[in-house]
file model_8.cif (mmCIF, C-alpha atoms and all ligand atoms)
data_coords
#
loop_
_atom_site.group_PDB
_atom_site.id
_atom_site.type_symbol
_atom_site.label_atom_id
_atom_site.label_comp_id
_atom_site.auth_asym_id
_atom_site.auth_seq_id
_atom_site.Cartn_x
_atom_site.Cartn_y
_atom_site.Cartn_z
ATOM 1 C CA MET A 1 11.525 -62.689 20.675
ATOM 2 C CA LEU A 2 11.238 -58.949 20.012
ATOM 3 C CA GLY A 3 8.751 -56.721 21.832
ATOM 4 C CA GLN A 4 6.381 -57.977 24.463
ATOM 5 C CA ALA A 5 3.846 -60.441 23.074
ATOM 6 C CA SER A 6 4.917 -63.761 21.624
ATOM 7 C CA TYR A 7 2.831 -65.776 19.197
ATOM 8 C CA ASP A 8 4.976 -68.874 19.633
ATOM 9 C CA SER A 9 2.346 -71.335 20.876
ATOM 10 C CA GLY A 10 1.195 -74.729 19.644
ATOM 11 C CA THR A 11 -2.322 -73.437 18.958
ATOM 12 C CA LYS A 12 -1.048 -70.532 16.902
ATOM 13 C CA GLN A 13 1.392 -72.769 14.991
ATOM 14 C CA THR A 14 -1.452 -75.196 14.161
ATOM 15 C CA TRP A 15 -3.498 -72.241 12.910
ATOM 16 C CA ARG A 16 -0.500 -70.918 10.889
ATOM 17 C CA GLY A 17 -0.246 -74.338 9.199
ATOM 18 C CA TRP A 18 -4.004 -74.344 8.468
ATOM 19 C CA GLN A 19 -3.886 -70.813 7.091
ATOM 20 C CA TRP A 20 -0.909 -71.267 4.743
ATOM 21 C CA ASN A 21 -2.201 -74.648 3.489
ATOM 22 C CA ARG A 22 -5.504 -72.991 2.563
ATOM 23 C CA ILE A 23 -3.653 -70.051 0.977
ATOM 24 C CA VAL A 24 -1.675 -72.433 -1.246
ATOM 25 C CA GLU A 25 -4.896 -74.281 -2.174
ATOM 26 C CA HIS A 26 -6.469 -70.984 -3.291
ATOM 27 C CA LEU A 27 -3.567 -70.025 -5.594
ATOM 28 C CA PRO A 28 -4.599 -69.966 -9.256
ATOM 29 C CA GLY A 29 -3.117 -73.101 -10.857
ATOM 30 C CA TYR A 30 -3.490 -75.283 -7.758
ATOM 31 C CA HIS A 31 -5.357 -78.577 -8.091
ATOM 32 C CA PRO A 32 -5.784 -81.331 -5.475
ATOM 33 C CA ARG A 33 -3.634 -83.878 -7.329
ATOM 34 C CA ILE A 34 -0.712 -81.536 -7.963
ATOM 35 C CA GLY A 35 2.664 -83.177 -7.163
ATOM 36 C CA ALA A 36 4.991 -81.827 -4.466
ATOM 37 C CA ALA A 37 7.602 -80.495 -6.935
ATOM 38 C CA ALA A 38 4.983 -78.772 -9.106
ATOM 39 C CA LEU A 39 3.432 -77.242 -5.991
ATOM 40 C CA LYS A 40 6.789 -75.762 -4.954
ATOM 41 C CA ARG A 41 7.193 -74.357 -8.472
ATOM 42 C CA LEU A 42 3.705 -72.838 -8.238
ATOM 43 C CA CYS A 43 4.633 -71.071 -4.991
ATOM 44 C CA ALA A 44 8.107 -70.000 -6.094
ATOM 45 C CA ASP A 45 7.162 -66.763 -7.847
ATOM 46 C CA LYS A 46 4.274 -65.703 -5.649
ATOM 47 C CA VAL A 47 4.650 -62.454 -3.744
ATOM 48 C CA ALA A 48 3.068 -62.371 -0.294
ATOM 49 C CA VAL A 49 2.553 -59.460 2.095
ATOM 50 C CA TYR A 50 2.027 -60.329 5.757
ATOM 51 C CA LEU A 51 2.391 -59.081 9.352
ATOM 52 C CA PRO A 52 5.483 -60.703 10.917
ATOM 53 C CA GLY A 53 4.811 -59.980 14.599
ATOM 54 C CA PRO A 54 7.650 -60.311 17.128
ATOM 55 C CA ASP A 55 9.169 -63.587 15.913
ATOM 56 C CA ASP A 56 8.434 -63.713 12.142
ATOM 57 C CA LEU A 57 7.236 -67.295 12.527
ATOM 58 C CA ASP A 58 5.381 -67.307 9.198
ATOM 59 C CA ARG A 59 8.599 -66.957 7.164
ATOM 60 C CA PRO A 60 10.245 -70.387 7.743
ATOM 61 C CA LEU A 61 6.898 -72.143 7.320
ATOM 62 C CA VAL A 62 6.123 -70.338 4.067
ATOM 63 C CA ILE A 63 9.640 -70.858 2.681
ATOM 64 C CA SER A 64 9.241 -74.607 3.371
ATOM 65 C CA LYS A 65 6.250 -74.524 0.995
ATOM 66 C CA GLY A 66 8.381 -73.165 -1.857
ATOM 67 C CA PHE A 67 7.942 -69.386 -1.519
ATOM 68 C CA ARG A 68 11.185 -67.422 -1.982
ATOM 69 C CA ASN A 69 12.580 -65.385 0.907
ATOM 70 C CA GLU A 70 12.762 -62.378 -1.485
ATOM 71 C CA ASN A 71 9.040 -62.631 -2.212
ATOM 72 C CA LEU A 72 7.899 -62.461 1.399
ATOM 73 C CA ILE A 73 7.271 -58.813 2.252
ATOM 74 C CA ALA A 74 6.771 -58.289 5.966
ATOM 75 C CA VAL A 75 4.847 -55.148 6.946
ATOM 76 C CA ASP A 76 4.619 -53.949 10.526
ATOM 77 C CA VAL A 77 3.810 -50.674 12.265
ATOM 78 C CA CYS A 78 6.390 -51.554 14.912
ATOM 79 C CA PRO A 79 9.919 -50.446 13.788
ATOM 80 C CA GLU A 80 11.572 -52.961 16.109
ATOM 81 C CA ARG A 81 9.828 -55.826 14.312
ATOM 82 C CA VAL A 82 10.835 -54.469 10.924
ATOM 83 C CA LYS A 83 14.462 -54.268 12.092
ATOM 84 C CA GLY A 84 14.284 -57.855 13.363
ATOM 85 C CA VAL A 85 13.098 -59.189 9.985
ATOM 86 C CA ARG A 86 15.782 -57.269 8.100
ATOM 87 C CA LYS A 87 18.509 -58.410 10.477
ATOM 88 C CA ALA A 88 17.520 -62.029 9.766
ATOM 89 C CA GLY A 89 17.845 -61.412 5.994
ATOM 90 C CA GLY A 90 14.184 -60.793 5.137
ATOM 91 C CA ILE A 91 12.471 -57.854 3.454
ATOM 92 C CA ALA A 92 10.286 -55.623 5.605
ATOM 93 C CA VAL A 93 8.437 -52.318 5.346
ATOM 94 C CA CYS A 94 7.514 -50.121 8.292
ATOM 95 C CA GLY A 95 3.931 -48.896 7.962
ATOM 96 C CA THR A 96 0.346 -50.075 8.054
ATOM 97 C CA LEU A 97 -0.813 -52.960 5.925
ATOM 98 C CA GLN A 98 -3.649 -50.740 4.695
ATOM 99 C CA GLU A 99 -1.412 -47.966 3.332
ATOM 100 C CA THR A 100 0.949 -50.586 1.871
ATOM 101 C CA ILE A 101 -1.801 -52.242 -0.164
ATOM 102 C CA LEU A 102 -3.287 -48.884 -1.156
ATOM 103 C CA ASN A 103 0.095 -47.701 -2.490
ATOM 104 C CA TRP A 104 1.417 -51.007 -3.826
ATOM 105 C CA PRO A 105 4.016 -50.317 -6.576
ATOM 106 C CA GLU A 106 2.527 -50.340 -10.062
ATOM 107 C CA GLY A 107 3.506 -53.469 -11.992
ATOM 108 C CA MET A 108 4.759 -55.435 -8.964
ATOM 109 C CA PRO A 109 2.771 -58.641 -8.430
ATOM 110 C CA LEU A 110 0.756 -59.078 -5.252
ATOM 111 C CA ASP A 111 -0.439 -62.675 -4.999
ATOM 112 C CA VAL A 112 -1.164 -63.124 -1.297
ATOM 113 C CA VAL A 113 -2.288 -60.685 1.426
ATOM 114 C CA VAL A 114 -2.310 -61.934 5.008
ATOM 115 C CA ALA A 115 -3.826 -59.748 7.719
ATOM 116 C CA ASP A 116 -3.178 -61.565 10.980
ATOM 117 C CA MET A 117 -4.485 -58.705 13.086
ATOM 118 C CA CYS A 118 -4.422 -58.254 16.835
ATOM 119 C CA GLY A 119 -7.833 -56.507 16.847
ATOM 120 C CA GLY A 120 -11.488 -57.065 15.957
ATOM 121 C CA PHE A 121 -13.778 -56.182 13.060
ATOM 122 C CA ASN A 122 -13.218 -52.443 13.504
ATOM 123 C CA LYS A 123 -13.165 -49.526 11.063
ATOM 124 C CA THR A 124 -9.503 -49.945 10.106
ATOM 125 C CA ILE A 125 -10.272 -53.560 9.151
ATOM 126 C CA GLN A 126 -13.481 -52.687 7.321
ATOM 127 C CA CYS A 127 -11.627 -50.086 5.256
ATOM 128 C CA MET A 128 -9.314 -52.842 3.977
ATOM 129 C CA ILE A 129 -12.168 -53.939 1.701
ATOM 130 C CA PRO A 130 -12.297 -50.801 -0.495
ATOM 131 C CA ILE A 131 -8.491 -50.697 -0.335
ATOM 132 C CA MET A 132 -8.399 -54.242 -1.694
ATOM 133 C CA HIS A 133 -10.763 -53.190 -4.485
ATOM 134 C CA SER A 134 -8.317 -50.458 -5.463
ATOM 135 C CA THR A 135 -5.294 -52.786 -5.778
ATOM 136 C CA LEU A 136 -6.044 -56.505 -5.934
ATOM 137 C CA ASP A 137 -6.619 -58.484 -9.070
ATOM 138 C CA VAL A 138 -8.602 -61.648 -9.609
ATOM 139 C CA GLY A 139 -6.904 -64.620 -7.947
ATOM 140 C CA THR A 140 -5.062 -62.717 -5.205
ATOM 141 C CA VAL A 141 -5.440 -64.839 -2.093
ATOM 142 C CA VAL A 142 -6.673 -62.965 0.978
ATOM 143 C CA ALA A 143 -6.341 -64.280 4.538
ATOM 144 C CA VAL A 144 -7.709 -62.397 7.544
ATOM 145 C CA ASN A 145 -7.497 -63.330 11.225
ATOM 146 C CA LEU A 146 -9.479 -61.246 13.725
ATOM 147 C CA LEU A 147 -10.164 -61.146 17.435
ATOM 148 C CA ARG A 148 -13.793 -61.845 18.327
ATOM 149 C CA GLY A 149 -15.897 -59.733 20.631
ATOM 150 C CA ARG A 150 -14.126 -56.405 21.149
ATOM 151 C CA ASP A 151 -15.547 -54.340 18.285
ATOM 152 C CA ALA A 152 -16.086 -50.730 19.257
ATOM 153 C CA ASP A 153 -18.759 -50.380 16.608
ATOM 154 C CA ASN A 154 -21.280 -53.068 15.643
ATOM 155 C CA SER A 155 -23.116 -51.019 13.020
ATOM 156 C CA VAL A 156 -21.533 -52.674 9.965
ATOM 157 C CA ARG A 157 -22.268 -56.165 11.277
ATOM 158 C CA LYS A 158 -25.834 -55.102 12.030
ATOM 159 C CA THR A 159 -26.304 -53.674 8.535
ATOM 160 C CA MET A 160 -24.879 -56.853 7.025
ATOM 161 C CA SER A 161 -27.382 -59.073 8.755
ATOM 162 C CA GLU A 162 -30.155 -56.782 7.523
ATOM 163 C CA VAL A 163 -28.837 -56.733 3.947
ATOM 164 C CA TYR A 164 -28.112 -60.458 3.756
ATOM 165 C CA PRO A 165 -30.967 -62.759 4.671
ATOM 166 C CA SER A 166 -28.602 -65.406 5.971
ATOM 167 C CA SER A 167 -28.228 -66.919 9.390
ATOM 168 C CA GLU A 168 -24.468 -66.808 8.790
ATOM 169 C CA THR A 169 -24.350 -63.022 9.053
ATOM 170 C CA ALA A 170 -25.918 -63.332 12.503
ATOM 171 C CA ASN A 171 -23.022 -65.615 13.423
ATOM 172 C CA LYS A 172 -20.275 -64.236 15.669
ATOM 173 C CA HIS A 173 -17.489 -65.406 13.340
ATOM 174 C CA ARG A 174 -15.511 -62.314 12.234
ATOM 175 C CA GLY A 175 -14.086 -64.146 9.198
ATOM 176 C CA ILE A 176 -17.644 -64.738 7.961
ATOM 177 C CA HIS A 177 -18.339 -61.054 8.513
ATOM 178 C CA PHE A 178 -15.259 -60.069 6.531
ATOM 179 C CA ALA A 179 -16.313 -62.309 3.604
ATOM 180 C CA TYR A 180 -19.839 -60.834 3.690
ATOM 181 C CA GLY A 181 -18.260 -57.375 3.902
ATOM 182 C CA VAL A 182 -16.490 -58.097 0.608
ATOM 183 C CA LEU A 183 -19.839 -58.966 -0.987
ATOM 184 C CA ALA A 184 -21.544 -56.004 0.647
ATOM 185 C CA SER A 185 -18.939 -53.717 -0.913
ATOM 186 C CA VAL A 186 -20.305 -54.472 -4.372
ATOM 187 C CA ILE A 187 -23.969 -54.851 -3.539
ATOM 188 C CA HIS A 188 -24.467 -52.170 -0.961
ATOM 189 C CA GLY A 189 -24.487 -49.185 -3.300
ATOM 190 C CA ASP A 190 -27.044 -50.826 -5.573
ATOM 191 C CA LYS A 191 -30.333 -49.129 -4.814
ATOM 192 C CA ARG A 192 -32.275 -52.028 -6.353
ATOM 193 C CA TRP A 193 -30.930 -54.513 -3.809
ATOM 194 C CA PRO A 194 -33.363 -53.793 -0.939
ATOM 195 C CA THR A 195 -36.269 -54.087 -3.394
ATOM 196 C CA PHE A 196 -35.395 -57.678 -4.327
ATOM 197 C CA PRO A 197 -37.461 -60.381 -2.599
ATOM 198 C CA LEU A 198 -35.621 -62.079 0.281
ATOM 199 C CA ALA A 199 -35.299 -65.383 -1.605
ATOM 200 C CA GLU A 200 -33.692 -63.581 -4.540
ATOM 201 C CA ARG A 201 -31.226 -61.796 -2.252
ATOM 202 C CA ALA A 202 -30.349 -65.111 -0.609
ATOM 203 C CA ARG A 203 -29.789 -66.713 -4.025
ATOM 204 C CA ILE A 204 -27.551 -63.887 -5.282
ATOM 205 C CA SER A 205 -25.498 -63.680 -2.108
ATOM 206 C CA ALA A 206 -25.014 -67.480 -2.092
ATOM 207 C CA TYR A 207 -23.846 -67.255 -5.717
ATOM 208 C CA LEU A 208 -21.425 -64.413 -4.924
ATOM 209 C CA MET A 209 -20.190 -66.241 -1.837
ATOM 210 C CA ALA A 210 -19.366 -69.280 -3.993
ATOM 211 C CA LEU A 211 -17.299 -66.987 -6.254
ATOM 212 C CA VAL A 212 -15.313 -65.767 -3.263
ATOM 213 C CA ASN A 213 -14.919 -69.423 -2.122
ATOM 214 C CA PRO A 214 -14.086 -68.704 1.524
ATOM 215 C CA VAL A 215 -12.867 -71.243 4.094
ATOM 216 C CA PHE A 216 -13.148 -70.551 7.805
ATOM 217 C CA TYR A 217 -11.373 -71.503 11.033
ATOM 218 C CA ASN A 218 -11.308 -70.367 14.613
ATOM 219 C CA TYR A 219 -9.203 -71.019 17.701
ATOM 220 C CA LYS A 220 -8.969 -70.024 21.331
ATOM 221 C CA SER A 221 -5.921 -68.385 22.822
ATOM 222 C CA GLY A 222 -6.262 -67.778 26.560
ATOM 223 C CA ASN A 223 -9.612 -66.043 26.969
ATOM 224 C CA ASN A 224 -9.626 -64.784 23.388
ATOM 225 C CA VAL A 225 -11.286 -66.304 20.339
ATOM 226 C CA TYR A 226 -9.760 -65.656 16.903
ATOM 227 C CA ASP A 227 -11.671 -66.071 13.649
ATOM 228 C CA SER A 228 -10.019 -66.660 10.272
ATOM 229 C CA VAL A 229 -11.023 -66.616 6.649
ATOM 230 C CA VAL A 230 -9.089 -67.406 3.462
ATOM 231 C CA PHE A 231 -10.551 -66.652 0.038
ATOM 232 C CA GLY A 232 -9.662 -65.785 -3.551
ATOM 233 C CA TRP A 233 -10.278 -62.180 -4.626
ATOM 234 C CA PRO A 234 -12.964 -62.530 -7.300
ATOM 235 C CA TRP A 235 -12.692 -59.332 -9.357
ATOM 236 C CA GLY A 236 -10.178 -58.407 -12.032
ATOM 237 C CA GLY A 237 -9.672 -56.891 -15.494
ATOM 238 C CA SER A 238 -12.497 -54.835 -16.968
ATOM 239 C CA GLN A 239 -14.907 -56.167 -14.333
ATOM 240 C CA ALA A 240 -12.639 -54.732 -11.612
ATOM 241 C CA LYS A 241 -12.653 -51.356 -13.364
ATOM 242 C CA VAL A 242 -16.456 -51.286 -13.288
ATOM 243 C CA VAL A 243 -16.539 -52.268 -9.607
ATOM 244 C CA ARG A 244 -13.827 -49.698 -8.746
ATOM 245 C CA LYS A 245 -15.786 -46.959 -10.515
ATOM 246 C CA GLU A 246 -19.001 -47.968 -8.748
ATOM 247 C CA ILE A 247 -17.584 -48.080 -5.248
ATOM 248 C CA LYS A 248 -15.678 -44.804 -5.670
ATOM 249 C CA GLY A 249 -18.653 -42.812 -4.453
ATOM 250 C CA TYR A 250 -19.361 -44.968 -1.407
ATOM 251 C CA ALA A 251 -18.948 -43.265 1.920
ATOM 252 C CA VAL A 252 -16.685 -46.023 3.250
ATOM 253 C CA VAL A 253 -14.120 -45.390 0.487
ATOM 254 C CA ASN A 254 -13.956 -41.719 1.377
ATOM 255 C CA ALA A 255 -13.725 -42.592 5.051
ATOM 256 C CA VAL A 256 -10.588 -44.601 4.252
ATOM 257 C CA LYS A 257 -8.725 -41.413 3.445
ATOM 258 C CA SER A 258 -9.244 -40.043 6.917
ATOM 259 C CA ILE A 259 -8.359 -43.356 8.598
ATOM 260 C CA ILE A 260 -5.242 -44.210 6.620
ATOM 261 C CA LYS A 261 -2.589 -41.575 6.888
ATOM 262 C CA THR A 262 0.027 -41.933 4.210
ATOM 263 C CA ARG A 263 3.454 -41.051 5.581
ATOM 264 C CA ASN A 264 6.048 -41.403 2.867
ATOM 265 C CA ILE A 265 4.884 -44.924 2.253
ATOM 266 C CA ARG A 266 5.531 -44.622 -1.481
ATOM 267 C CA SER A 267 9.255 -43.976 -1.033
ATOM 268 C CA ARG A 268 9.483 -46.819 1.487
ATOM 269 C CA LEU A 269 7.774 -49.170 -0.973
ATOM 270 C CA SER A 270 10.124 -48.080 -3.786
ATOM 271 C CA ALA A 271 13.071 -48.860 -1.512
ATOM 272 C CA MET A 272 11.539 -52.273 -0.712
ATOM 273 C CA ARG A 273 11.152 -52.984 -4.421
ATOM 274 C CA ALA A 274 14.788 -52.056 -5.135
ATOM 275 C CA VAL A 275 16.031 -54.281 -2.289
ATOM 276 C CA ARG A 276 13.913 -57.168 -3.572
ATOM 277 C CA THR A 277 15.260 -56.827 -7.115
ATOM 278 C CA GLN A 278 18.821 -56.759 -5.789
ATOM 279 C CA LYS A 279 18.264 -59.838 -3.604
ATOM 280 C CA LEU A 280 16.587 -61.744 -6.458
ATOM 281 C CA HIS A 281 19.569 -61.010 -8.760
ATOM 282 C CA ARG A 282 21.995 -62.147 -6.077
ATOM 283 C CA SER A 283 20.168 -65.381 -5.341
ATOM 284 C CA ARG A 284 19.850 -66.189 -9.081
ATOM 285 C CA ALA A 285 23.564 -65.470 -9.640
ATOM 286 C CA ALA A 286 24.438 -67.776 -6.729
ATOM 287 C CA LYS A 287 22.651 -70.730 -8.377
HETATM 288 C C1 LIG A 301 -0.772 -60.875 15.468
HETATM 289 S S1 LIG A 301 0.758 -60.194 15.073
HETATM 290 C C2 LIG A 301 1.330 -61.151 13.724
HETATM 291 C C3 LIG A 301 1.776 -62.505 14.127
HETATM 292 C C4 LIG A 301 2.377 -63.377 13.048
HETATM 293 N N1 LIG A 301 1.618 -63.394 11.833
HETATM 294 C C5 LIG A 301 2.507 -64.792 13.558
HETATM 295 O O1 LIG A 301 1.860 -65.720 13.011
HETATM 296 O O2 LIG A 301 3.271 -64.980 14.519
HETATM 297 C C6 LIG A 301 0.290 -58.698 14.339
HETATM 298 C C7 LIG A 301 1.459 -57.754 14.065
HETATM 299 O O3 LIG A 301 1.004 -56.759 13.167
HETATM 300 C C8 LIG A 301 1.290 -55.469 13.645
HETATM 301 N N2 LIG A 301 0.108 -54.678 13.200
HETATM 302 C C9 LIG A 301 -1.121 -54.621 13.741
HETATM 303 N N3 LIG A 301 -1.947 -53.912 12.949
HETATM 304 C C10 LIG A 301 -1.212 -53.532 11.880
HETATM 305 C C11 LIG A 301 -1.504 -52.816 10.687
HETATM 306 N N4 LIG A 301 -2.711 -52.338 10.449
HETATM 307 N N5 LIG A 301 -0.524 -52.639 9.789
HETATM 308 C C12 LIG A 301 0.737 -53.123 10.012
HETATM 309 N N6 LIG A 301 1.079 -53.797 11.139
HETATM 310 C C13 LIG A 301 0.106 -54.021 12.023
HETATM 311 C C14 LIG A 301 1.528 -55.574 15.117
HETATM 312 O O4 LIG A 301 2.537 -54.651 15.505
HETATM 313 C C15 LIG A 301 2.005 -57.033 15.276
HETATM 314 O O5 LIG A 301 3.420 -57.100 15.206
#
call {"tool": "encode", "arguments": {"input": "model_8.cif", "output": "structure tokens"}}
result
Amino acid sequence: MLGQASYDSGTKQTWRGWQWNRIVEHLPGYHPRIGAAALKRLCADKVAVYLPGPDDLDRPLVISKGFRNENLIAVDVCPERVKGVRKAGGIAVCGTLQETILNWPEGMPLDVVVADMCGGFNKTIQCMIPIMHSTLDVGTVVAVNLLRGRDADNSVRKTMSEVYPSSETANKHRGIHFAYGVLASVIHGDKRWPTFPLAERARISAYLMALVNPVFYNYKSGNNVYDSVVFGWPWGGSQAKVVRKEIKGYAVVNAVKSIIKTRNIRSRLSAMRAVRTQKLHRSRAAK
């Protein structure tokens, strides 16, 4: 184990299994009666970005599902953890997940984003939503795991429960809040929204929620409760362009710039891409 905290517990491993099973089920092309070989083929070319933590315990699990080692891009702010992944033969980038997604190399696929965070529904998590709008395409699978109950600022959650007439937004589950945050990112700037009758707002948000198709989970670790959500990113193509244009003026998007400091992330991502290409060539030549 590198660093101080370890995430090597039975509870966390059960959650990891839940999370990656749901991720696979959200991949475009998945269907419940798919055979094991076809499922491995479906996973084989998918590129996933995730936070490895001290032991990189996701990697062996995900490889067992058919993902290629070369397509698992670990991102961590902790240089020691990045070194550990590389030493074990994996690909890793040192930086924040937020700046990585925001600056994702043009033309490189990004099929899965996993944010297994140590913190709560704070501003750096909320700003992932406009960042996702700027990069993700329809079908990208998003998984978020957040700590419950330590948010420095409750204002976004409060606004959400006012905007959405749903008992779910009053729930404590941070995964539910993240999913509603994704919906809020497209509805919030619409000045007509507050003028709609409550029943109409409930109907529209239920419809949008079904598009996002989220699944939820939560577990206890010591005194902490963690909340998870997995869903498919619903916007792409020309629709994404319209949404991106619309949200450009929102305050939260501008706030992102002051929260996410970009420190040479582009050159680090180019290096990651070159290493991946090299490794893919080598593993194909070895077959
Ligand atoms: C909870 S651990 C990941 C555990 C791992 N997924 C597992 O299942 O064992 C979170 C890791 O992400 C790193 N981290 C936290 N916030 C980050 C961010 N915004 N960007 C990149 N790394 C981050 C931390 O240094 C830590 O190593």
call {"tool": "residues_near_ligand", "arguments": {"input": "model_8.cif", "ligand": "ligand LIG 301 (chain A)", "cutoff": "10 Å", "atoms": "all atoms listed in the file", "output": "count of residues only"}}
result
55
call {"tool": "atom_distance", "arguments": {"input": "model_8.cif", "atom1": "atom CA of A:Val215", "atom2": "atom CA of A:Val144"}}
result
10.8 Å
call {"tool": "closest_residue", "arguments": {"input": "model_8.cif", "among": "A:Ala143, A:Ile131, A:Ala92, A:Val182", "to": "A:Val275", "atoms": "all atoms listed in the file"}}
result
A:Ala92
call {"tool": "residues_near_point", "arguments": {"input": "model_8.cif", "point": "(-7.2, -67.3, 20.2)", "cutoff": "10 Å", "atoms": "all atoms listed in the file", "output": "ChimeraX atom specification"}}
result
/A:11-12,15,145-148,218-227
call {"tool": "resolve_selection", "arguments": {"input": "model_8.cif", "expression": "the PyMOL selection byres (((chain A and resi 134) around 9) and not hetatm)", "output": "MDAnalysis selection string"}}
result
chainID A and resid 101:102 129:133 135:137 240 244
call {"tool": "atom_distance", "arguments": {"input": "model_8.cif", "atom1": "atom CA of A:Leu39", "atom2": "atom CA of A:Gly10"}}
result
25.9 Å
call {"tool": "residues_around", "arguments": {"input": "model_8.cif", "residues": "A:Val142", "least_positions_apart": "4", "cutoff": "6 Å", "atoms": "all atoms listed in the file", "output": "VMD selection string"}}
result
chain A and resid 112 to 113 230 to 231
call {"tool": "closest_residue", "arguments": {"input": "model_8.cif", "among": "A:Val138, A:Ala37, A:Cys127, A:Leu27", "to": "A:Lys241", "atoms": "only C-alpha atoms"}}
result
A:Val138
call {"tool": "closest_residue", "arguments": {"input": "model_8.cif", "among": "A:Asn21, A:Ile176, A:Ala285, A:Gly66", "to": "A:Ala38", "atoms": "only C-alpha atoms"}}
result
A:Gly66
call {"tool": "residues_around", "arguments": {"input": "model_8.cif", "residues": "A:Thr140", "least_positions_apart": "4", "cutoff": "6 Å", "atoms": "all atoms listed in the file", "output": "list in words"}}
result
Asp111, Val112, Gly232 and Trp233 of chain A
call {"tool": "closest_residue", "arguments": {"input": "model_8.cif", "among": "A:Leu72, A:Leu42, A:Leu269, A:Leu280", "to": "A:Glu106", "atoms": "all atoms listed in the file"}}
result
A:Leu269
call {"tool": "decode", "arguments": {"input": "model_8.cif", "residues": "stretch 173-226 of chain A", "atoms": "C-alpha atoms", "output": "compact mmCIF listing (two decimals), in the first residue's frame"}}
result
# COMPACT_ATOMS: atom_id res chain seq x y z
CA HIS A 173 -28.03 10.79 -0.93
CA ARG A 174 -25.18 12.69 -2.66
CA GLY A 175 -25.43 10.49 -5.77
CA ILE A 176 -29.05 11.59 -6.19
CA HIS A 177 -27.90 15.18 -5.80
CA PHE A 178 -25.23 14.72 -8.45
CA ALA A 179 -27.78 13.26 -10.91
CA TYR A 180 -30.17 16.16 -10.21
CA GLY A 181 -27.22 18.53 -10.60
CA VAL A 182 -26.73 17.17 -14.12
CA LEU A 183 -30.37 17.94 -14.92
CA ALA A 184 -30.18 21.31 -13.20
CA SER A 185 -27.25 22.22 -15.44
CA VAL A 186 -29.53 22.24 -18.47
CA ILE A 187 -32.70 23.53 -16.87
CA HIS A 188 -31.38 26.09 -14.46
CA GLY A 189 -30.58 28.82 -16.98
CA ASP A 190 -34.03 28.55 -18.53
CA LYS A 191 -35.97 31.53 -17.24
CA ARG A 192 -39.28 29.85 -18.12
CA TRP A 193 -38.66 26.97 -15.72
CA PRO A 194 -39.82 28.64 -12.47
CA THR A 195 -43.02 29.74 -14.24
CA PHE A 196 -44.05 26.16 -15.05
CA PRO A 197 -46.67 24.64 -12.72
CA LEU A 198 -45.19 22.23 -10.16
CA ALA A 199 -46.79 19.17 -11.81
CA GLU A 200 -45.24 20.13 -15.15
CA ARG A 201 -41.80 20.56 -13.57
CA ALA A 202 -42.15 17.17 -11.89
CA ARG A 203 -43.12 15.57 -15.21
CA ILE A 204 -40.20 17.11 -17.12
CA SER A 205 -37.63 16.30 -14.46
CA ALA A 206 -38.89 12.69 -14.25
CA TYR A 207 -38.57 12.45 -18.05
CA LEU A 208 -35.03 13.88 -18.00
CA MET A 209 -34.09 11.62 -15.10
CA ALA A 210 -35.20 8.59 -17.13
CA LEU A 211 -32.88 9.76 -19.95
CA VAL A 212 -29.96 9.88 -17.54
CA ASN A 213 -30.98 6.42 -16.22
CA PRO A 214 -29.14 6.60 -12.89
CA VAL A 215 -28.64 3.72 -10.44
CA PHE A 216 -27.76 4.38 -6.82
CA TYR A 217 -25.93 2.65 -3.96
CA ASN A 218 -24.58 3.55 -0.58
CA TYR A 219 -22.36 1.95 2.05
CA LYS A 220 -20.91 2.65 5.46
CA SER A 221 -17.21 2.71 6.16
CA GLY A 222 -16.41 3.31 9.82
CA ASN A 223 -18.46 6.36 10.78
CA ASN A 224 -18.71 7.57 7.19
CA VAL A 225 -21.50 7.04 4.68
CA TYR A 226 -20.64 7.01 0.97
